[in-house]
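Worksheet for the structure shown next.
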Amino acid sequence: MKIMVVGGGGREHAIIKKIKESPLAEVIYALPGNGGIANDAVCVDIGAKDIDGIVKFATENKIDYAIVAPDDPLVLGCVDALNEVGIPCFGPKANAAIIEGSKIFSKNLMKKYGIPTAAYEVFTELDAALEYLKDAPIPTVIKADGLALGKGVVIAMTRDEAIDAVRSMMEDKVFGASGSKIVIEEFLTGPEVSVLSFTDGNVVVPMVSSMDHKRALDNDCGLNTGGMGTIAPNPYYTDDIASVCMEKIFLPTINAMNAEGRTFKGCLYFGLMITPDGPKVIEYNCRFGDPETQVVLPLLDGDLLKIMMACTDGTLADMPVKFLDKSACCVIMASEGYPVKYAKGFPITVDADIEAEVYVAGAKKVGDDMLTDGGRVLGVTAIGDTLADAIDKAYKNVPKVKFDNAFYRHDIGARALKAIK
Ligand code: AMP
Ligand code: GLY
């Protein structure tokens, strides 16, 4: 089969490495891919948001199956457009991708169907939002309605911070149209768990749980980033919590989307907080997480391509989905200065004796060299029998990847290890 993967980050590299194992995959194209993905797939210089370009390429090259990985093309209707020309896809149609594309949609969905989440108010006018903030409980959480490159959430620890956040979204339009409508919600506390799931719209099959580390610096200091590392499984996600989540969150969400005429097929990502009142939904994503995928898929014990096609066909109930009884740790190596300002163009070398997977996110190939080309450059993932082993192995291998201006967190998985102890 000819497979096309839309996207070009570490998540897509992990997806591609996994589907490469499938005997069904003969050729894999990545649009646009990156300098590291180029070692595992044929990269084609078509951007992930160029829906017309993607459809044209897929038609001309007789693609048999497409995997649309990032949020933007999903929300823009890439799956709808590919289906229209007869190409089956992994990923939700636009009317279901809205579960990530609009926070107001997802909050209203949860309220309507009784799915546990933070209490909230929606605002479309600046004055009303400012009036509400006068005596809203603090801390509070301000969220831009639309996609904002993962930056549209502000945790305001003071009233002034909350006012600033609302003004910058609604008045200064720092996120463009994404912030013209906002959600102000209750501040929740508790450990966070990411659960990615496969769904065909009938059944939902959770993957191994994981934990992201969003802050740039050790001890959860510094700015929010796309994610500086992950571990799986997440020790806070016990069997008891998993069954509560299935009954109160996962199945009700799939059923709610069906009831709304917005059947979700693909990877539905549940961002959860285990609060003192039980697990609650912090966010839904309509896709695999990045860098969660870089620890979840290496633990998948099976044919990812077949599982994906079962999601598309509606036959997921018949498909075994198993995970190794092991742990994984991914340490992201970024460019000094990320997530604000950083230099690019430094050569990357990887020692031949590395005992970890390297998933490349921001790099380009120039001749035989691979040069840094982004904030998050790559992730180093190791697998171990225990979480401690996986962390240890990941950090032993990080120094085997070298580039100028590299920085990474030294405490990925430390909080999870403490929870186990
Ligand atoms: P999101 O982009 O929705 O994942 O939010 C980014 C991060 O903000 C989450 O991973 C949480 O750490 C935090 N967050 C979002 N909503 C809340 C909330 N209601 N209470 C506390 N923290 C939150
Ligand atoms: N790592 C969080 C996300 O992919 O949204």
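Naming works like this for the structure tokens: A, B, ... for the chains as they're shown, residue 1 at the start of each chain, ligands 1 onward in shown order.
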Against ligand 2, which residues of chain A fall within 6 Å? For each one I want the closest pair of atoms and the distance in Å (one decimal), counting only C-alpha atoms and all ligand atoms, rows by chain and increasing residue number, as a tab-separated table.
```
residue	atom	partner	partner_atom_place_in_ligand_line	distance
A:Asp212	CA	ligand 2	1 (N)	6.0
A:Gly226	CA	ligand 2	1 (N)	5.8
A:Gly227	CA	ligand 2	1 (N)	5.3
A:Gly289	CA	ligand 2	4 (O)	3.3
A:Asp290	CA	ligand 2	4 (O)	4.0
A:Pro291	CA	ligand 2	1 (N)	5.4
A:Glu292	CA	ligand 2	1 (N)	5.9
```
Mind dumping a table of every chain A residue within 9 Å of ligand 1, with the nearest atom pair and its distance in Å to one decimal, using only C-alpha atoms and all ligand atoms, sorted by chain and rising number, as a Markdown table?
```
| residue | atom | partner | partner_atom_place_in_ligand_line | distance |
| --- | --- | --- | --- | --- |
| A:Lys103 | CA | ligand 1 | 3 (O) | 8.4 |
| A:Thr117 | CA | ligand 1 | 19 (N) | 7.9 |
| A:Ala118 | CA | ligand 1 | 19 (N) | 5.4 |
| A:Ala119 | CA | ligand 1 | 19 (N) | 8.0 |
| A:Tyr120 | CA | ligand 1 | 19 (N) | 8.6 |
| A:Pro139 | CA | ligand 1 | 20 (N) | 8.7 |
| A:Thr140 | CA | ligand 1 | 20 (N) | 7.4 |
| A:Val141 | CA | ligand 1 | 19 (N) | 5.7 |
| A:Ile142 | CA | ligand 1 | 16 (N) | 8.1 |
| A:Lys143 | CA | ligand 1 | 3 (O) | 7.4 |
| A:Ala148 | CA | ligand 1 | 2 (O) | 8.8 |
| A:Leu149 | CA | ligand 1 | 2 (O) | 8.9 |
| A:Gly150 | CA | ligand 1 | 2 (O) | 5.4 |
| A:Lys151 | CA | ligand 1 | 2 (O) | 6.6 |
| A:Gly152 | CA | ligand 1 | 2 (O) | 6.5 |
| A:Val153 | CA | ligand 1 | 5 (O) | 5.4 |
| A:Val154 | CA | ligand 1 | 8 (O) | 7.0 |
| A:Ile155 | CA | ligand 1 | 22 (N) | 6.5 |
| A:Ile184 | CA | ligand 1 | 19 (N) | 8.7 |
| A:Glu185 | CA | ligand 1 | 19 (N) | 5.7 |
| A:Glu186 | CA | ligand 1 | 19 (N) | 5.2 |
| A:Phe187 | CA | ligand 1 | 20 (N) | 3.7 |
| A:Leu188 | CA | ligand 1 | 20 (N) | 3.7 |
| A:Thr189 | CA | ligand 1 | 21 (C) | 5.7 |
| A:Gly190 | CA | ligand 1 | 21 (C) | 8.3 |
| A:Pro191 | CA | ligand 1 | 12 (O) | 8.9 |
| A:Glu192 | CA | ligand 1 | 12 (O) | 7.0 |
| A:Val193 | CA | ligand 1 | 10 (O) | 9.0 |
| A:Asp212 | CA | ligand 1 | 10 (O) | 8.1 |
| A:His213 | CA | ligand 1 | 10 (O) | 8.7 |
| A:Lys214 | CA | ligand 1 | 10 (O) | 7.1 |
| A:Asn224 | CA | ligand 1 | 6 (C) | 8.1 |
| A:Gly271 | CA | ligand 1 | 4 (O) | 6.6 |
| A:Leu272 | CA | ligand 1 | 10 (O) | 8.4 |
| A:Met273 | CA | ligand 1 | 11 (C) | 8.0 |
| A:Val281 | CA | ligand 1 | 19 (N) | 8.6 |
| A:Ile282 | CA | ligand 1 | 16 (N) | 5.1 |
| A:Glu283 | CA | ligand 1 | 3 (O) | 4.7 |
| A:Tyr284 | CA | ligand 1 | 3 (O) | 7.7 |
| A:Asn285 | CA | ligand 1 | 4 (O) | 8.6 |
```
Please provide as JSON, numbers by chain all residues within 10 Å of Cys329 of chain A, with the sequence filter that same-chain residues fewer than 2 positions apart are discarded (counting only C-alpha atoms).
{"A": [210, 211, 229, 230, 231, 232, 233, 292, 294, 295, 296, 327, 331, 332, 356, 379, 380, 381, 382, 383, 384, 387, 388, 389, 390, 391, 392, 393, 394, 395, 412, 413]}
Take the residues that were just selected and, keeping N, CA and C atoms, output them as a CSV table (one decimal), in the first residue's frame.
```csv
chain,number,residue,atom,x,y,z
A,210,SER,N,0.0,8.4,29.7
A,210,SER,CA,1.3,9.1,29.6
A,210,SER,C,1.3,10.4,30.4
A,211,MET,N,2.4,11.0,30.6
A,211,MET,CA,2.5,12.2,31.3
A,211,MET,C,3.5,13.1,30.6
A,229,GLY,N,9.1,16.6,27.4
A,229,GLY,CA,9.4,15.2,27.6
A,229,GLY,C,8.2,14.5,28.1
A,230,THR,N,8.2,13.2,28.0
A,230,THR,CA,7.0,12.4,28.4
A,230,THR,C,7.5,11.1,29.0
A,231,ILE,N,6.6,10.5,29.8
A,231,ILE,CA,6.8,9.1,30.3
A,231,ILE,C,5.5,8.3,30.1
A,232,ALA,N,5.6,7.0,30.0
A,232,ALA,CA,4.5,6.1,30.0
A,232,ALA,C,4.8,4.8,30.6
A,233,PRO,N,3.9,4.1,31.3
A,233,PRO,CA,2.6,4.6,31.7
A,233,PRO,C,2.7,5.7,32.8
A,292,GLU,N,3.7,12.9,23.5
A,292,GLU,CA,3.1,11.7,24.1
A,292,GLU,C,3.3,10.5,23.1
A,294,GLN,N,5.6,9.8,21.2
A,294,GLN,CA,6.9,9.3,21.2
A,294,GLN,C,7.2,8.3,22.4
A,295,VAL,N,6.3,8.2,23.3
A,295,VAL,CA,6.4,7.1,24.4
A,295,VAL,C,5.3,6.1,24.2
A,296,VAL,N,4.2,6.5,23.7
A,296,VAL,CA,3.0,5.6,23.6
A,296,VAL,C,3.3,4.5,22.4
A,327,SER,N,8.0,0.3,30.4
A,327,SER,CA,7.8,1.8,30.5
A,327,SER,C,8.7,2.5,29.4
A,331,VAL,N,13.0,12.2,26.3
A,331,VAL,CA,13.6,13.5,26.7
A,331,VAL,C,13.7,14.4,25.4
A,332,ILE,N,13.1,15.5,25.4
A,332,ILE,CA,13.1,16.4,24.3
A,332,ILE,C,14.4,17.3,24.3
A,356,ALA,N,18.7,4.0,21.9
A,356,ALA,CA,17.4,4.7,22.1
A,356,ALA,C,16.9,5.1,20.7
A,379,GLY,N,13.5,14.1,20.0
A,379,GLY,CA,13.3,13.5,21.2
A,379,GLY,C,14.0,12.2,21.3
A,380,VAL,N,14.6,11.8,22.5
A,380,VAL,CA,15.3,10.6,22.7
A,380,VAL,C,14.4,9.7,23.5
A,381,THR,N,14.0,8.6,23.0
A,381,THR,CA,13.1,7.7,23.7
A,381,THR,C,13.8,6.4,24.0
A,382,ALA,N,13.7,6.0,25.3
A,382,ALA,CA,14.2,4.7,25.7
A,382,ALA,C,13.1,3.9,26.4
A,383,ILE,N,13.2,2.6,26.3
A,383,ILE,CA,12.2,1.7,26.9
A,383,ILE,C,12.9,0.9,28.0
A,384,GLY,N,12.3,0.6,29.1
A,384,GLY,CA,12.9,-0.2,30.2
A,384,GLY,C,11.8,-1.0,30.8
A,387,LEU,N,9.9,2.1,35.1
A,387,LEU,CA,10.0,3.5,34.7
A,387,LEU,C,11.4,4.0,35.1
A,388,ALA,N,12.0,3.6,36.2
A,388,ALA,CA,13.3,4.0,36.6
A,388,ALA,C,14.3,3.6,35.5
A,389,ASP,N,14.2,2.4,35.0
A,389,ASP,CA,15.1,1.9,34.0
A,389,ASP,C,15.0,2.7,32.7
A,390,ALA,N,13.7,3.0,32.3
A,390,ALA,CA,13.5,3.8,31.1
A,390,ALA,C,14.1,5.2,31.2
A,391,ILE,N,13.9,5.8,32.4
A,391,ILE,CA,14.5,7.2,32.6
A,391,ILE,C,16.0,7.1,32.5
A,392,ASP,N,16.6,6.2,33.2
A,392,ASP,CA,18.0,6.0,33.3
A,392,ASP,C,18.6,5.8,31.9
A,393,LYS,N,18.0,5.0,31.2
A,393,LYS,CA,18.5,4.7,29.8
A,393,LYS,C,18.3,5.9,28.9
A,394,ALA,N,17.2,6.6,29.0
A,394,ALA,CA,17.0,7.8,28.2
A,394,ALA,C,18.2,8.8,28.4
A,395,TYR,N,18.4,9.1,29.7
A,395,TYR,CA,19.4,10.1,30.1
A,395,TYR,C,20.8,9.6,29.8
A,412,ILE,N,12.8,14.7,33.6
A,412,ILE,CA,11.6,14.1,33.0
A,412,ILE,C,11.3,12.8,33.8
A,413,GLY,N,10.1,12.6,34.2
A,413,GLY,CA,9.7,11.4,34.9
A,413,GLY,C,10.0,11.4,36.4
```
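Close contacts of Gly179 of chain A, defined as residues with an atom at most 8 Å away when counting only C-alpha atoms, with chain neighbours fewer than 4 positions off set aside, comprise Lys143, Ala144, Asp145, Gly146, Gly152, Met169, Met170, Lys173, Val174 and Phe175 of chain A.
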DSSP-assigned strand (DSSP E or B) among segment 206-392 of chain A, expressed as an MDAnalysis selection string
chainID A and resid 206 210:212 215:217 221:224 229:232 266:275 278:285 300 323 327:335 347 349:350 357:360 363:366 369:372 376:384
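Across the structure, atom CA of Lys248 of chain A and atom CA of Ala416 of chain A are spaced 24.6 Å apart.
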All residues 12 Å or closer to segment 38-45 of chain A, only C-alpha atoms, same chain fewer than 4 positions away omitted, as a PyMOL selection string
chain A and resi 2-9+12-21+25-34+49-50+53-54+57-58+61+358-361+363-370
What's the separation between atom CA of Asp172 of chain A and atom CA of Glu125 of chain A, in Å to one decimal place?
13.3 Å
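Between atom CA of Leu74 of chain A and atom CA of Leu196 of chain A lies a distance of 16.4 Å.
Once Pro206 of chain A and its same-chain neighbours fewer than 5 positions away are set aside, A:Val195, A:Leu196, A:Ser197, A:Phe198 remain within 8 Å of it when counting only C-alpha atoms.
For Arg409 of chain A, the set of protein, DNA and RNA residues having any atom at most 7 Å away, when counting only C-alpha atoms and skipping those fewer than 3 positions along the same chain, is Leu217, Asp218, Met228 and Ile412 of chain A.
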Based on DSSP run over this structure's backbone, return all residues of segment 160-371 of chain A in alpha helix (DSSP H), as a ChimeraX atom specification.
/A:160-170,239-245,251-259,293-296,304-313
With only C-alpha atoms counted and 12 Å as the cut-off, give the residues of segment 202-275 of chain A in contact with segment 81-92 of chain A, each with its shortest interatomic distance in Å and the pair that gives it, as JSON lines.
```
{"residue": "A:Met257", "atom": "CA", "partner": "A:Pro92", "partner_atom": "CA", "distance": 11.3}
{"residue": "A:Arg262", "atom": "CA", "partner": "A:Pro92", "partner_atom": "CA", "distance": 9.1}
{"residue": "A:Thr263", "atom": "CA", "partner": "A:Pro92", "partner_atom": "CA", "distance": 8.0}
{"residue": "A:Phe264", "atom": "CA", "partner": "A:Pro92", "partner_atom": "CA", "distance": 5.5}
{"residue": "A:Lys265", "atom": "CA", "partner": "A:Pro92", "partner_atom": "CA", "distance": 5.0}
{"residue": "A:Gly266", "atom": "CA", "partner": "A:Gly91", "partner_atom": "CA", "distance": 4.2}
{"residue": "A:Cys267", "atom": "CA", "partner": "A:Gly91", "partner_atom": "CA", "distance": 6.6}
{"residue": "A:Leu268", "atom": "CA", "partner": "A:Pro92", "partner_atom": "CA", "distance": 8.8}
{"residue": "A:Tyr269", "atom": "CA", "partner": "A:Gly91", "partner_atom": "CA", "distance": 11.8}
```
